[in-house]
Structures are given as structure tokens and as C-alpha cells.
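Asker: Pasting a structure here, questions to come.
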Amino acid sequence: MRLLPRLWRAERRLKRALAAWNAGDYGVALDLWAPLAQAGVARAQSNMGAAFLQGQGVERDPDKAVAWLRRAADQGDAGAQRNLALCHYEGWGVPQDQALAAAWYEKAAQQGDGDAQDMLSWMKLVGGGCDQDYAGARRWAEKAAAQGSIAATARLGDIFHNALGVERDPAQAAQWWGRAARRGHAEAQAMLGAAYLAGKGVERDPVEALHWLLRARENGAGELAAGFLREALAFTKPSQRAEAERRAALPLEPDR
């Protein structure tokens, strides 16, 4: 009969600690998490590991981070599994090992962790730490995109554009790039602009092409956009360029 009150108290402390952490009171949060972590509460162990990994509230210590993360990951905590995967991927506190990283990312992904799904999708796409698996890359990207991952959304555009495990589908590619572009993904903005310029997957529209290419350049994808941008500028009149610049200055509409 004592188990439920103990769980209830632990849950209350976890919520208080998280509120303190989000408010920037890292010391308060760590003081609440530490005894819970020592008592074996996986979420507290995971959060202690993340604190040591980030160096927030404590001096950054990858070795201590890995120790806490492994304890939580072994109990099935998805966040800990994802962060432990990152440690193996980067070689923080453990030898660099992409195969172990992929294995831990997959465990977290299977529990619905969107960031892990996104990273696992990318690793399967390039064959990093696991066999190259285009179907798996697309499947995990779709799951991550459904949870709001902009990178996974843009990756799906690339997958359909480059026919990676699927039939080439310019319309699908443009649709996925459009979703990511409207949420600020610079590379997707460049590729969407290129699609409008060539009329691939969307109706050819030099003004809309220039609009997205200008956004891409502004957001840091200037190198990718450069060639398309020169072509778009050559094919547009001054009035069209002015309209494209006007559109590029407007706020994005992600849900359009």
C-alpha cells in the first residue's frame, strides 16, 4: 500500500524539478532530481544525465552523463536512450561508435521519440552505423515529420526527388519541401524555389521561385540557392522581382 504514495510523491517532485529547470533554476531542479535518481527513478536519472551532458547547473562531465543516461536507458527511458545514442555518436564519455548510436536511437525511436526517429531516418539514409535502408529512412522520416520534425519533412522531399527507394515523384517532393519551407527550413526553401523555377511538381512560376530562393539565401542556404537564384533573376522583370521581394518579406504561414 506504500508504493502508490511513494510514486505520487516522486511524480510531484519530478514536476517541481522540471518547472524549476524550465525557469532556469538549475540548482533547485538538480537538488530535487538527485535523490530520485539515486533511488532509481529513470526520468530523474535521465535528467541528471542531460544536465551533466549540457553542463547546466553542474560542470559538464560526459563520463557522469553517460553513467546516469545508461542507468535510465536500461530502464527504457526514451530520452535517455536518445541522449546515450548521441554520446556514442559523438564519442562523449564513451568511444565513438555509430553502430551503438544507431541501436540506441532505434530503441528510442520505437518508443515514439521524434528526435530519435529523425536521426535514425538520416542514419538509414546515408548508411551511418547501420545498413543503408531507404525504405526505413522514409518510414522513420514520416513518423518524425508527423511529430513536427522540420528536418525529416525536408528529407522526405529529397527522398521523392532523388527516387531513394521510391518512384521519383516531383509533386510529392515539392509538397514535402513546401511544408518544410513554410516552417523556415532554408534548404527546403531553395529546393522549392528550384521546383517552381523548373515547373517540376508544381506549376512553373518564376516569381514564386524567386520568392523562395530569396528566403533561402536570407536563411543561410545561399550556396545551394545561388545558381537557381541567378537563373530566376535572369527570367524575371523588375516588377516581378519587386513582387518576389515583397513576398519574401512577409511572415511565413506554416499551416497554409
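Starting from 1 in every chain, residues are counted up; chains themselves are A, B, ... following the order of the C-alpha cells, and ligands are numbered from 1 as listed.
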Excluding same-chain residues fewer than 3 positions from Gly129 of chain A, what lies within 6 Å of it counting only C-alpha atoms, as a list in words?

Answerer: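 Counting only C-alpha atoms, the residues come to Gln98, Ala99 and Ala102 of chain A.
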
Asker: Please identify all polymer residues within 8 Å of segment 147-164 of chain A, counting only C-alpha atoms, omitting same-chain residues fewer than 5 positions from it, and present them as number ranges by chain.

Answerer: A: 114-115, 118, 121, 134, 138, 141-142, 169-170, 172-177, 179-181, 183, 185, 187-188

Asker: With only C-alpha atoms as the counted atoms, please give the residues lying no more than 8 Å from Gly49 of chain A, apart from itself and same-chain residues fewer than 5 positions off, as a list in words.

Answerer: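 Those residues are Lys64, Ala65, Val66, Ala67, Trp68, Leu69 and Ala80 of chain A.
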
Asker: Any chance you can output those residues with C-alpha atoms as a PDB file, in the first residue's frame?

Answerer:
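The resulting file, again-v3.pdb, is reproduced below:
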```
ATOM      1  CA  LYS A  64      28.936  11.205 -15.364  1.00  0.00           C
ATOM      2  CA  ALA A  65      26.379  11.946 -18.056  1.00  0.00           C
ATOM      3  CA  VAL A  66      26.870   8.542 -19.643  1.00  0.00           C
ATOM      4  CA  ALA A  67      26.696   6.787 -16.262  1.00  0.00           C
ATOM      5  CA  TRP A  68      23.308   8.338 -15.484  1.00  0.00           C
ATOM      6  CA  LEU A  69      21.980   8.006 -19.005  1.00  0.00           C
ATOM      7  CA  ALA A  80      17.975   8.748 -22.023  1.00  0.00           C
TER       8      ALA A  80
END
```

Asker: Quick one: pull the distance between atom CA of Tyr89 of chain A and atom CA of Cys130 of chain A, Å, one decimal.

Answerer: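 Distance between the two atoms: 12.2 Å.
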
Asker: Hey, what's within 9 Å of Leu197 of chain A if we count only C-alpha atoms and toss same-chain stuff fewer than 2 positions away? As a VMD selection string, please?

Answerer: chain A and resid 192 to 195 199 to 200 203 to 210 228 231 to 232

Asker: Step one, run DSSP on the backbone; step two, keep only residues of segment 74-153 of chain A assigned to alpha helix (DSSP H); then write them as a VMD selection string.

Answerer: chain A and resid 74 78 to 90 98 to 110 114 to 126 134 to 146 150 to 153

Asker: Would you pick out the contacts of Gly184 of chain A at 8 Å or less, using only C-alpha atoms, so that residues sharing its chain but fewer than 4 positions from it are not included, and give the list as a list in words?

Answerer: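 So the residues in contact are Ala180, Gln189, Asn219 and Leu252 of chain A.
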
Asker: Taking 5 positions as the minimum chain separation for residues in the same chain, which residues sit within 7 Å of Gly93 of chain A when counting only C-alpha atoms? Answer as a PDB file with N, CA, C and O atoms, in the first residue's frame.

Answerer:
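So the final result, stored in part-v9.pdb, reads:
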```pdb
ATOM      1  N   PRO A  62      30.962  14.482 -19.374  1.00  0.00           N
ATOM      2  CA  PRO A  62      30.389  13.416 -20.201  1.00  0.00           C
ATOM      3  C   PRO A  62      30.422  12.038 -19.540  1.00  0.00           C
ATOM      4  O   PRO A  62      29.510  11.233 -19.766  1.00  0.00           O
ATOM      5  N   ASP A  63      31.454  11.775 -18.730  1.00  0.00           N
ATOM      6  CA  ASP A  63      31.523  10.469 -18.062  1.00  0.00           C
ATOM      7  C   ASP A  63      30.347  10.279 -17.103  1.00  0.00           C
ATOM      8  O   ASP A  63      29.706   9.216 -17.093  1.00  0.00           O
ATOM      9  N   VAL A  66      27.070   9.889 -19.097  1.00  0.00           N
ATOM     10  CA  VAL A  66      26.870   8.542 -19.643  1.00  0.00           C
ATOM     11  C   VAL A  66      26.441   7.575 -18.548  1.00  0.00           C
ATOM     12  O   VAL A  66      25.561   6.728 -18.757  1.00  0.00           O
ATOM     13  N   CYS A  87      25.777  10.390 -27.323  1.00  0.00           N
ATOM     14  CA  CYS A  87      27.115  10.229 -26.728  1.00  0.00           C
ATOM     15  C   CYS A  87      27.944   9.238 -27.536  1.00  0.00           C
ATOM     16  O   CYS A  87      29.138   9.476 -27.799  1.00  0.00           O
TER      17      CYS A  87
END
```

Asker: Kindly indicate which residue among A:Ala23, A:Ala50, A:Glu59, A:Arg215 lies nearest to Leu250 of chain A, using only C-alpha atoms for the distances.

Answerer: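 Distance minimum relative to Leu250 of chain A lands on A:Arg215.
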
Asker: What is the atom CA of Arg9 of chain A-atom CA of Gln54 of chain A distance in Å, reported with one decimal?

Answerer: 27.1 Å
